[in-house]
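Text of target.cif (mmCIF, C-alpha atoms) as supplied:
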```cif
data_entry
loop_
_atom_site.label_atom_id
_atom_site.label_comp_id
_atom_site.auth_asym_id
_atom_site.auth_seq_id
_atom_site.Cartn_x
_atom_site.Cartn_y
_atom_site.Cartn_z
CA MET A 789 0.00 0.00 0.00
CA GLY A 790 1.42 3.37 -1.04
CA VAL A 791 1.97 6.18 1.38
CA HIS A 792 0.10 9.40 0.60
CA VAL A 793 1.89 12.61 1.48
CA LEU A 794 -0.29 15.42 2.71
CA GLU A 795 0.29 18.52 0.57
CA PHE A 796 -1.13 21.98 1.09
CA PRO A 797 -2.52 23.53 -2.13
CA GLU A 798 -1.23 26.99 -1.19
CA LEU A 799 2.34 25.74 -0.81
CA ALA A 800 2.15 23.78 -4.01
CA GLU A 801 0.94 26.88 -5.85
CA ASP A 802 3.81 28.95 -4.39
CA LYS A 803 6.31 26.35 -5.61
CA ARG A 804 4.85 26.37 -9.12
CA VAL A 805 4.95 30.16 -9.29
CA LEU A 806 8.54 30.25 -8.04
CA ALA A 807 9.62 27.64 -10.55
CA GLY A 808 7.96 29.57 -13.33
CA ALA A 809 9.71 32.77 -12.28
CA VAL A 810 13.14 31.11 -12.19
CA ASN A 811 12.76 29.59 -15.66
CA ALA A 812 10.84 32.48 -17.19
CA ASN A 813 11.51 33.42 -20.80
CA ARG A 814 9.66 36.64 -21.52
CA PHE A 815 9.77 36.06 -25.26
CA ALA A 816 8.76 32.38 -25.29
CA GLY A 817 5.22 33.18 -26.37
CA TRP A 818 6.21 35.67 -29.06
CA SER A 819 5.73 34.86 -32.73
CA PRO A 820 8.94 34.78 -34.84
CA LEU A 821 7.73 37.81 -36.79
CA LEU A 822 7.17 39.89 -33.68
CA ALA A 823 10.57 38.85 -32.27
CA ARG A 824 12.30 39.81 -35.52
CA ILE A 825 10.62 43.20 -35.53
CA ALA A 826 11.73 43.74 -31.94
CA LEU A 827 15.30 42.71 -32.79
CA ALA A 828 15.39 45.08 -35.75
CA GLY A 829 14.01 47.90 -33.62
CA LEU A 830 16.59 47.24 -30.90
CA ALA A 831 19.42 47.20 -33.46
CA ALA A 832 18.23 50.52 -34.91
CA LEU A 833 17.96 52.01 -31.42
CA LEU A 834 21.49 50.88 -30.54
CA LEU A 835 22.86 52.41 -33.73
CA ALA A 836 21.02 55.69 -33.15
CA SER A 837 22.18 55.80 -29.53
CA ALA A 838 25.78 55.67 -30.68
CA LEU A 839 25.26 58.65 -32.98
CA VAL A 840 22.93 61.15 -31.32
CA PRO A 841 24.47 63.79 -28.99
CA VAL A 842 24.47 62.98 -25.28
CA SER A 843 25.83 66.31 -24.09
CA LYS A 844 24.96 69.92 -24.74
CA PRO A 845 26.40 71.01 -28.10
CA SER A 846 29.83 72.67 -27.78
CA SER A 847 30.07 71.62 -24.14
CA ARG A 848 31.89 69.00 -22.14
CA SER A 849 30.15 66.94 -19.52
CA PRO A 850 28.99 69.30 -16.77
CA TRP A 851 29.60 66.64 -14.11
CA LEU A 852 33.28 66.40 -14.97
CA GLY A 853 33.85 69.59 -13.01
CA PRO A 854 34.54 73.19 -13.98
CA VAL A 855 36.45 74.08 -17.12
CA GLU A 856 38.77 76.35 -15.20
CA GLY A 857 39.83 76.27 -11.58
CA PRO A 858 39.85 73.46 -9.03
CA LEU A 859 36.77 71.45 -8.24
CA ALA A 860 36.80 72.74 -4.69
CA THR A 861 35.84 76.22 -5.91
CA ALA A 862 33.08 75.05 -8.24
CA GLY A 863 29.73 76.66 -7.63
CA LYS A 864 31.06 79.43 -5.41
CA ALA A 865 30.21 83.01 -6.22
CA GLY A 866 32.76 84.56 -8.54
CA ALA A 867 34.37 81.28 -9.58
CA ALA A 868 35.21 81.05 -13.26
CA ASP A 869 33.43 77.80 -14.01
CA GLU A 870 30.49 76.38 -15.91
CA PRO A 871 26.99 77.77 -15.25
CA TYR A 872 25.71 74.38 -14.14
CA ASP A 873 27.40 74.80 -10.75
CA GLU A 874 25.32 77.89 -10.03
CA ASP A 875 22.57 75.49 -8.97
CA ILE A 876 24.82 74.04 -6.30
CA ALA A 877 25.77 77.53 -5.11
CA LEU A 878 22.08 78.37 -4.69
CA TYR A 879 21.35 75.23 -2.69
CA GLU A 880 24.48 75.69 -0.56
CA GLU A 881 23.42 79.20 0.38
CA ALA A 882 19.95 77.95 1.33
CA ILE A 883 21.54 75.28 3.56
CA ASP A 884 23.83 77.86 5.19
CA ARG A 885 20.94 80.21 5.96
CA ILE A 886 18.85 77.42 7.46
CA GLY A 887 21.86 76.48 9.57
CA LYS A 888 21.88 80.05 10.88
CA GLY A 889 18.27 79.74 12.00
CA GLU A 890 16.38 81.29 9.08
CA ASN A 891 13.10 79.84 7.79
CA TYR A 892 13.30 78.42 4.27
CA TYR A 893 10.18 80.14 3.01
CA ASP A 894 11.28 83.52 4.39
CA PHE A 895 14.23 83.78 2.01
CA ILE A 896 14.06 81.24 -0.83
CA VAL A 897 12.00 83.25 -3.33
CA PRO A 898 14.02 86.50 -2.92
CA LEU A 899 17.22 84.44 -3.01
CA GLN A 900 16.31 82.77 -6.30
CA ARG A 901 15.17 86.08 -7.76
CA ALA A 902 18.46 87.75 -6.78
CA ARG A 903 20.39 84.94 -8.49
CA ASP A 904 18.25 85.23 -11.66
CA TYR A 905 16.49 81.92 -11.04
CA PRO A 906 12.80 81.67 -11.91
CA VAL A 907 10.22 81.49 -9.13
CA ASN A 908 7.20 81.23 -11.40
CA PRO A 909 5.71 78.63 -11.46
CA GLY A 910 6.21 77.55 -7.86
CA LEU A 911 7.59 74.18 -8.97
CA ALA A 912 10.76 76.05 -9.90
CA VAL A 913 11.40 76.34 -6.14
CA ARG A 914 12.64 73.09 -4.64
CA LEU A 915 10.96 71.36 -1.72
CA PRO A 916 12.75 72.25 1.53
CA THR A 917 13.32 68.69 2.80
CA LEU A 918 16.90 68.20 1.64
CA ALA A 919 18.02 71.68 2.66
CA TYR A 920 16.87 71.06 6.24
CA LEU A 921 18.41 67.57 6.31
CA ASP A 922 21.76 68.85 5.00
CA ALA A 923 21.75 71.72 7.48
CA TRP A 924 20.98 69.33 10.33
CA LEU A 925 23.57 66.74 9.30
CA GLY A 926 26.39 69.12 8.47
CA THR A 927 29.23 68.05 6.20
CA PRO A 928 30.39 65.10 8.38
CA GLY A 929 26.84 63.82 8.70
CA GLN A 930 26.26 64.13 4.96
CA ILE A 931 29.36 62.05 4.26
CA VAL A 932 28.20 59.35 6.68
CA ALA A 933 24.67 59.41 5.21
CA ALA A 934 25.99 59.15 1.63
CA LEU A 935 28.23 56.23 2.54
CA ALA A 936 25.41 54.48 4.41
CA LEU A 937 23.02 54.96 1.48
CA MET A 938 25.50 53.56 -1.03
CA LEU A 939 26.32 50.55 1.15
CA GLY A 940 22.61 50.01 1.78
CA ILE A 941 21.89 49.96 -1.95
CA VAL A 942 24.68 47.48 -2.65
CA ALA A 943 23.69 45.21 0.27
CA ALA A 944 19.99 45.26 -0.67
CA TRP A 945 20.72 44.23 -4.24
CA TRP A 946 23.30 41.63 -3.27
CA ARG A 947 20.66 39.99 -1.14
CA ARG A 948 17.93 40.34 -3.75
CA PHE A 949 20.05 38.82 -6.51
CA GLY A 950 20.70 35.85 -4.23
CA GLU A 951 17.03 35.43 -3.39
CA GLU A 952 16.08 35.62 -7.08
CA GLY A 953 18.31 32.66 -7.90
CA VAL A 954 20.94 34.58 -9.88
CA SER A 955 24.07 32.48 -10.47
CA PRO A 956 27.08 33.34 -8.25
CA ARG A 957 29.03 34.81 -11.18
CA LEU A 958 26.18 37.01 -12.42
CA ARG A 959 25.38 37.97 -8.85
CA ARG A 960 28.88 39.35 -8.39
CA LEU A 961 28.80 41.16 -11.73
CA ALA A 962 25.36 42.63 -11.15
CA THR A 963 26.26 43.82 -7.66
CA ALA A 964 29.42 45.41 -9.04
CA THR A 965 27.37 47.39 -11.55
CA VAL A 966 25.04 48.47 -8.75
CA PHE A 967 28.09 49.80 -6.93
CA VAL A 968 29.21 51.70 -10.04
CA GLY A 969 25.77 53.27 -10.37
CA ALA A 970 25.44 54.18 -6.70
CA SER A 971 29.00 55.36 -6.11
CA LEU A 972 28.34 58.77 -7.68
CA GLY A 973 26.46 59.60 -4.50
CA LEU A 974 29.78 59.80 -2.65
CA ASN A 975 30.84 62.94 -4.56
CA ARG A 976 30.74 65.66 -1.88
CA HIS A 977 30.49 68.38 -4.50
CA TYR A 978 26.97 67.24 -5.40
CA PHE A 979 25.56 66.65 -1.91
CA PRO A 980 23.23 69.69 -2.26
CA LEU A 981 21.60 68.19 -5.39
CA HIS A 982 18.17 66.75 -4.68
CA GLU A 983 18.29 64.21 -7.51
CA LEU A 984 21.46 62.62 -6.14
CA TRP A 985 19.75 61.57 -2.90
CA ALA A 986 16.31 60.86 -4.34
CA GLY A 987 17.78 58.62 -7.05
CA GLY A 988 19.78 56.67 -4.50
CA LEU A 989 16.69 56.20 -2.35
CA ILE A 990 14.75 54.92 -5.37
CA ALA A 991 17.47 52.34 -6.05
CA LEU A 992 17.37 51.34 -2.37
CA SER A 993 13.58 51.07 -2.36
CA PHE A 994 13.60 48.93 -5.50
CA GLY A 995 16.21 46.63 -4.01
CA LEU A 996 14.36 46.24 -0.71
CA HIS A 997 10.91 45.54 -2.16
CA ARG A 998 9.61 41.98 -2.18
CA ILE A 999 6.46 40.42 -3.61
CA GLY A 1000 5.23 37.13 -2.20
CA ALA A 1001 5.85 33.97 -4.22
CA ASN A 1002 2.16 33.75 -5.11
CA GLY A 1003 1.97 37.42 -6.05
CA ARG A 1004 0.44 38.37 -2.71
CA GLY A 1005 1.93 39.90 0.41
CA GLY A 1006 5.68 40.24 0.50
CA LYS A 1007 7.91 42.71 2.33
CA TRP A 1008 7.49 46.33 1.37
CA SER A 1009 7.53 48.51 4.50
CA ALA A 1010 11.26 49.38 4.27
CA ALA A 1011 10.91 50.04 0.55
CA PHE A 1012 7.93 52.27 1.29
CA CYS A 1013 9.91 54.38 3.79
CA ALA A 1014 12.83 54.86 1.36
CA ALA A 1015 10.46 55.87 -1.46
CA ALA A 1016 8.57 58.26 0.82
CA LEU A 1017 11.80 60.06 1.70
CA ALA A 1018 12.77 60.21 -1.98
CA LEU A 1019 9.41 61.78 -2.81
CA ALA A 1020 9.76 64.28 0.03
CA ILE A 1021 13.13 65.35 -1.39
CA ARG A 1022 12.21 65.54 -5.09
CA GLU A 1023 8.83 65.32 -6.75
CA HIS A 1024 10.45 63.52 -9.69
CA ALA A 1025 10.23 60.35 -7.58
CA LEU A 1026 6.48 60.33 -8.17
CA PRO A 1027 6.61 58.04 -11.27
CA PHE A 1028 8.41 55.40 -9.19
CA VAL A 1029 5.79 55.61 -6.44
CA LEU A 1030 2.96 55.39 -8.99
CA LEU A 1031 4.55 52.33 -10.60
CA MET A 1032 4.83 50.73 -7.16
CA ALA A 1033 1.15 51.44 -6.57
CA ALA A 1034 0.18 50.05 -9.97
CA THR A 1035 2.22 46.90 -9.32
CA ALA A 1036 0.53 46.35 -5.96
CA LEU A 1037 -2.87 46.77 -7.59
CA TRP A 1038 -1.96 44.36 -10.38
CA TYR A 1039 -1.11 41.66 -7.85
CA ARG A 1040 -4.11 42.56 -5.69
CA ASN A 1041 -2.00 43.49 -2.70
CA TRP A 1042 -4.72 45.79 -1.44
CA ARG A 1043 -3.01 46.84 1.77
CA GLU A 1044 0.20 47.81 0.01
CA ALA A 1045 -1.70 49.56 -2.79
CA ALA A 1046 -3.60 51.58 -0.18
CA ALA A 1047 -0.33 52.61 1.46
CA TRP A 1048 1.12 53.85 -1.84
CA ALA A 1049 -2.12 55.68 -2.63
CA ALA A 1050 -2.04 57.32 0.79
CA LEU A 1051 1.55 58.41 0.18
CA VAL A 1052 0.56 60.03 -3.12
CA THR A 1053 -2.33 61.82 -1.40
CA VAL A 1054 -0.12 63.13 1.40
CA PHE A 1055 2.50 64.22 -1.14
CA PHE A 1056 0.02 66.28 -3.17
CA ALA A 1057 -1.30 67.86 0.01
CA ALA A 1058 2.24 68.81 1.06
CA LEU A 1059 3.03 70.05 -2.42
CA SER A 1060 -0.02 72.31 -2.41
CA VAL A 1061 1.14 73.82 0.89
CA HIS A 1062 4.61 74.34 -0.57
CA LEU A 1063 3.22 76.08 -3.65
CA SER A 1064 0.97 78.32 -1.56
CA LEU A 1065 3.90 79.40 0.63
CA VAL A 1066 6.01 80.14 -2.44
CA SER A 1067 3.23 82.05 -4.23
CA ARG A 1068 2.89 84.65 -1.46
CA ASP A 1069 6.31 86.08 -2.40
CA VAL A 1070 5.98 85.81 -6.19
CA LEU A 1071 5.60 89.20 -7.87
CA PRO A 1072 3.64 89.97 -11.04
CA SER A 1073 6.91 91.13 -12.58
CA ASP A 1074 8.60 87.76 -12.05
CA PRO A 1075 9.15 86.14 -15.45
CA HIS A 1076 7.82 82.68 -16.13
CA SER A 1077 10.33 79.85 -16.25
CA ALA A 1078 11.47 78.59 -19.63
CA PRO A 1079 9.31 75.64 -20.71
CA TRP A 1080 10.37 72.17 -19.60
CA LEU A 1081 8.43 70.43 -22.38
CA VAL A 1082 11.03 70.71 -25.14
CA VAL A 1083 10.93 67.19 -26.68
CA ARG A 1084 14.66 66.46 -27.11
CA GLY A 1085 13.89 62.91 -28.16
CA LEU A 1086 16.57 60.24 -27.83
CA SER A 1087 19.18 62.80 -26.81
CA GLY A 1088 17.06 63.78 -23.82
CA TRP A 1089 16.91 60.24 -22.50
CA LEU A 1090 20.51 59.24 -23.20
CA GLY A 1091 21.98 62.64 -22.33
CA ASN A 1092 20.32 62.82 -18.92
CA VAL A 1093 21.39 59.34 -17.86
CA VAL A 1094 24.92 59.56 -19.29
CA GLN A 1095 25.73 63.02 -17.94
CA ALA A 1096 24.26 62.31 -14.51
CA SER A 1097 26.08 59.01 -13.94
CA ASN A 1098 29.49 57.41 -14.19
CA LEU A 1099 28.74 56.61 -17.84
CA ARG A 1100 30.04 60.10 -18.58
CA TRP A 1101 33.57 58.67 -18.49
CA LEU A 1102 32.86 56.41 -21.48
CA PRO A 1103 33.25 57.44 -25.13
CA HIS A 1104 30.06 58.71 -26.71
CA PHE A 1105 29.62 55.66 -28.96
CA LEU A 1106 29.68 53.35 -25.93
CA ALA A 1107 27.76 55.40 -23.37
CA GLY A 1108 24.60 55.78 -25.45
CA PRO A 1109 24.20 52.08 -26.30
CA ALA A 1110 24.98 51.21 -22.67
CA VAL A 1111 21.85 53.10 -21.56
CA VAL A 1112 19.74 51.19 -24.08
CA LEU A 1113 21.18 47.83 -23.00
CA MET A 1114 20.69 48.67 -19.32
CA THR A 1115 17.02 49.27 -20.00
CA PHE A 1116 16.44 46.30 -22.29
CA GLY A 1117 18.57 44.02 -20.14
CA TRP A 1118 16.08 44.07 -17.26
CA LEU A 1119 13.87 41.83 -19.41
CA GLY A 1120 16.52 39.14 -18.98
CA PHE A 1121 16.25 39.27 -15.19
CA LYS A 1122 14.13 36.46 -13.78
CA GLY A 1123 10.90 37.16 -12.00
CA ARG A 1124 8.70 40.18 -11.60
CA ALA A 1125 11.56 42.52 -10.66
CA GLY A 1126 12.90 42.28 -14.21
CA LEU A 1127 9.69 43.56 -15.77
CA PHE A 1128 9.45 46.27 -13.09
CA GLY A 1129 13.03 47.35 -13.79
CA PHE A 1130 12.33 47.58 -17.51
CA LEU A 1131 9.14 49.58 -17.05
CA LEU A 1132 10.85 51.89 -14.56
CA SER A 1133 13.87 52.56 -16.78
CA ALA A 1134 11.85 52.89 -19.98
CA GLY A 1135 9.24 55.09 -18.28
CA TYR A 1136 11.80 57.60 -17.07
CA GLY A 1137 13.48 57.40 -20.47
CA LEU A 1138 10.23 58.35 -22.20
CA ALA A 1139 9.73 61.21 -19.74
CA PHE A 1140 13.24 62.53 -20.47
CA MET A 1141 12.54 62.40 -24.21
CA LEU A 1142 9.55 64.68 -23.75
CA ALA A 1143 10.55 66.97 -20.89
CA GLY A 1144 13.70 68.68 -19.67
CA ARG A 1145 16.18 71.12 -21.15
CA TRP A 1146 19.90 70.47 -21.60
CA ASP A 1147 20.58 72.22 -18.30
CA ASN A 1148 18.21 69.77 -16.58
CA PHE A 1149 20.64 66.90 -17.29
CA TYR A 1150 20.87 66.09 -13.57
CA TRP A 1151 17.33 64.69 -13.68
CA GLY A 1152 19.00 61.52 -14.94
CA ALA A 1153 20.35 60.91 -11.44
CA MET A 1154 16.79 60.00 -10.43
CA ILE A 1155 16.97 56.70 -12.31
CA ALA A 1156 20.63 56.01 -13.13
CA PRO A 1157 21.51 54.18 -9.87
CA ALA A 1158 18.59 51.77 -10.38
CA MET A 1159 19.43 51.07 -14.04
CA PHE A 1160 23.01 49.84 -14.07
CA ALA A 1161 22.43 46.19 -13.14
CA GLY A 1162 20.22 45.70 -16.19
CA ILE A 1163 23.21 45.52 -18.54
CA VAL A 1164 24.43 42.31 -16.87
CA PHE A 1165 21.24 40.53 -17.93
CA ALA A 1166 21.21 41.98 -21.47
CA PRO A 1167 22.99 38.97 -23.07
CA ARG A 1168 20.33 36.63 -21.66
CA ALA A 1169 17.51 38.84 -22.92
CA LEU A 1170 19.15 39.10 -26.34
CA SER A 1171 19.63 35.35 -26.63
CA GLN A 1172 16.02 34.69 -25.64
CA LEU A 1173 14.72 37.23 -28.15
CA ALA A 1174 16.97 35.81 -30.88
CA ALA A 1175 15.74 32.29 -30.08
CA ALA A 1176 12.15 33.46 -30.42
CA ALA A 1177 13.01 35.06 -33.77
CA ARG A 1178 14.53 31.79 -35.04
CA ALA A 1179 11.68 29.59 -33.82
CA ARG A 1180 9.57 27.89 -36.43
CA THR A 1181 5.82 27.65 -36.16
CA ARG A 1182 4.85 24.03 -35.73
CA ALA A 1183 2.33 22.59 -38.12
CA PRO A 1184 -0.91 21.52 -36.44
CA ALA A 1185 -1.06 17.82 -35.61
CA PRO A 1186 -3.40 15.78 -37.84
CA PRO A 1187 -6.67 14.83 -36.21
CA SER A 1188 -6.74 11.38 -34.69
CA ASN A 1189 -9.20 8.79 -35.99
#
```
As structure tokens:
Amino acid sequence: MGVHVLEFPELAEDKRVLAGAVNANRFAGWSPLLARIALAGLAALLLASALVPVSKPSSRSPWLGPVEGPLATAGKAGAADEPYDEDIALYEEAIDRIGKGENYYDFIVPLQRARDYPVNPGLAVRLPTLAYLDAWLGTPGQIVAALALMLGIVAAWWRRFGEEGVSPRLRRLATATVFVGASLGLNRHYFPLHELWAGGLIALSFGLHRIGANGRGGKWSAAFCAAALALAIREHALPFVLLMAATALWYRNWREAAAWAALVTVFFAALSVHLSLVSRDVLPSDPHSAPWLVVRGLSGWLGNVVQASNLRWLPHFLAGPAVVLMTFGWLGFKGRAGLFGFLLSAGYGLAFMLAGRWDNFYWGAMIAPAMFAGIVFAPRALSQLAAAARARTRAPAPPSN
């Protein structure tokens, strides 16, 4: 007589889902024609990315430091350097004045006006969160916070790659690329930049987030806190939060979806207060900011990510295609995180194509730290897509008598 083993249906379902995630091929169900079209489109995009400009015409990378004078003087009043560092000088002065006991909203609009920065619309005035944090931490505290954030990002992804079943070799390579992407946050010169911190927090949140094996539950509270701080620092973190909310809804994680929705609601309430406080000091004579909707196309996407990351050290013909492969490569990462990484990278890429001027290049720091690991999985995604393109459609089996 055989022995029957008691098996719980819920556990069996979890095992099946996990097995499917580990062996997933995102292109297995594609027709050969569709796969070939996708391959041709990817090849054309890679070629175009090697040719289109990724930096402002007649300009070197603004994140390589000033053209003249030492880096230590960059951004200070009267320094003979590039205009990009004027942003840092503005934020540094705001931090200094908060450190002396002044209220942010008592001086920020006149300060920006005096430095010929727009104050209309109110979104041209940054949220005060980072200025207060930097003033409270001081330079030593900022260094410690930057180091802790970078190490947290690397540790979170090292653990996640292990949990996702990534091979030891790819795990080491992927974690190394995470380090390369996150290490820019250690540059003291850019500590006053909001995107530097918000982008690192997005990468940390992404690395910490977990969805249960059956698509339900998971661990998301730490990821939620990191994303909430990113959103409080820079409103450009909103697309990440919205994608998190949409993902929770898709998997019917109602409690998590409600938390993300609540965060969005609180953010818009805080933003409305911020705009009202800014508007009280705006004068009718204040000019309107230059439009942000300038549609730079592929150069907007590639330029933002390249110039706001360590890709700026690569030759032009390598840096552009690297951004494309980082984005596409997430489709080669097993499980739901791969699709999320692709949607996140491609979504910000589309936004950068449509919005942002050349002097808004630093927006790319919002997504760059979370993108880098994708390139490690690009060969797998390419091989799977190529296999789908080579597949032959099987003839239907003859009907049985």
Within 12 Å of Val932 (chain A), counting only C-alpha atoms, which residues qualify if same-chain residues fewer than 5 places away don't, as a short mmCIF file (atom, residue, chain, number, x, y, z; two decimals) with C-alpha atoms, in the frame of the given file?
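What follows is the written file around.cif:
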```cif
data_model
loop_
_atom_site.label_atom_id
_atom_site.label_comp_id
_atom_site.auth_asym_id
_atom_site.auth_seq_id
_atom_site.Cartn_x
_atom_site.Cartn_y
_atom_site.Cartn_z
CA ASP A 922 21.76 68.85 5.00
CA LEU A 925 23.57 66.74 9.30
CA GLY A 926 26.39 69.12 8.47
CA THR A 927 29.23 68.05 6.20
CA LEU A 937 23.02 54.96 1.48
CA MET A 938 25.50 53.56 -1.03
CA LEU A 939 26.32 50.55 1.15
CA GLY A 940 22.61 50.01 1.78
CA GLY A 973 26.46 59.60 -4.50
CA LEU A 974 29.78 59.80 -2.65
CA ARG A 976 30.74 65.66 -1.88
CA PHE A 979 25.56 66.65 -1.91
#
```
Inset, instruction - May I have the protein, DNA and RNA residues with an atom at most 10 Å from (11.6, 52.5, -14.4), counting only C-alpha atoms in the file's coordinates, returned as a PyMOL selection string? - result: chain A and resi 990+994+1027-1028+1031+1115+1118+1127-1138+1154-1156+1158-1159
Inset, instruction - Give me the result of the PyMOL selection byres ((chain A and resi 982) around 7) on this file, residue by residue, as a ChimeraX atom specification. - result: /A:918,980-981,983-986,1021-1022
Tell me which protein, DNA and RNA residues are within 10 Å of Leu1030 (chain A), counting only C-alpha atoms, leaving out same-chain ones fewer than 3 positions away, and put them as a PDB file with C-alpha atoms, keeping the file's coordinate frame.
```pdb
ATOM      1  CA  ALA A1025      10.230  60.350  -7.580  1.00  0.00           C
ATOM      2  CA  LEU A1026       6.480  60.330  -8.170  1.00  0.00           C
ATOM      3  CA  PRO A1027       6.610  58.040 -11.270  1.00  0.00           C
ATOM      4  CA  ALA A1033       1.150  51.440  -6.570  1.00  0.00           C
ATOM      5  CA  ALA A1034       0.180  50.050  -9.970  1.00  0.00           C
ATOM      6  CA  THR A1035       2.220  46.900  -9.320  1.00  0.00           C
ATOM      7  CA  ALA A1036       0.530  46.350  -5.960  1.00  0.00           C
ATOM      8  CA  ALA A1045      -1.700  49.560  -2.790  1.00  0.00           C
ATOM      9  CA  TRP A1048       1.120  53.850  -1.840  1.00  0.00           C
ATOM     10  CA  ALA A1049      -2.120  55.680  -2.630  1.00  0.00           C
ATOM     11  CA  LEU A1051       1.550  58.410   0.180  1.00  0.00           C
ATOM     12  CA  VAL A1052       0.560  60.030  -3.120  1.00  0.00           C
TER      13      VAL A1052
END
```
Inset, instruction - Could you give me, as a PyMOL selection string, the residues that sit within 12 Å of (11.0, 42.5, -30.8) in the file's coordinates, counting only C-alpha atoms? - result: chain A and resi 814-833+1116+1119+1169-1177
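Of note, CA of Tyr893 (chain A) and CA of Leu878 (chain A) are spaced 14.3 Å apart.
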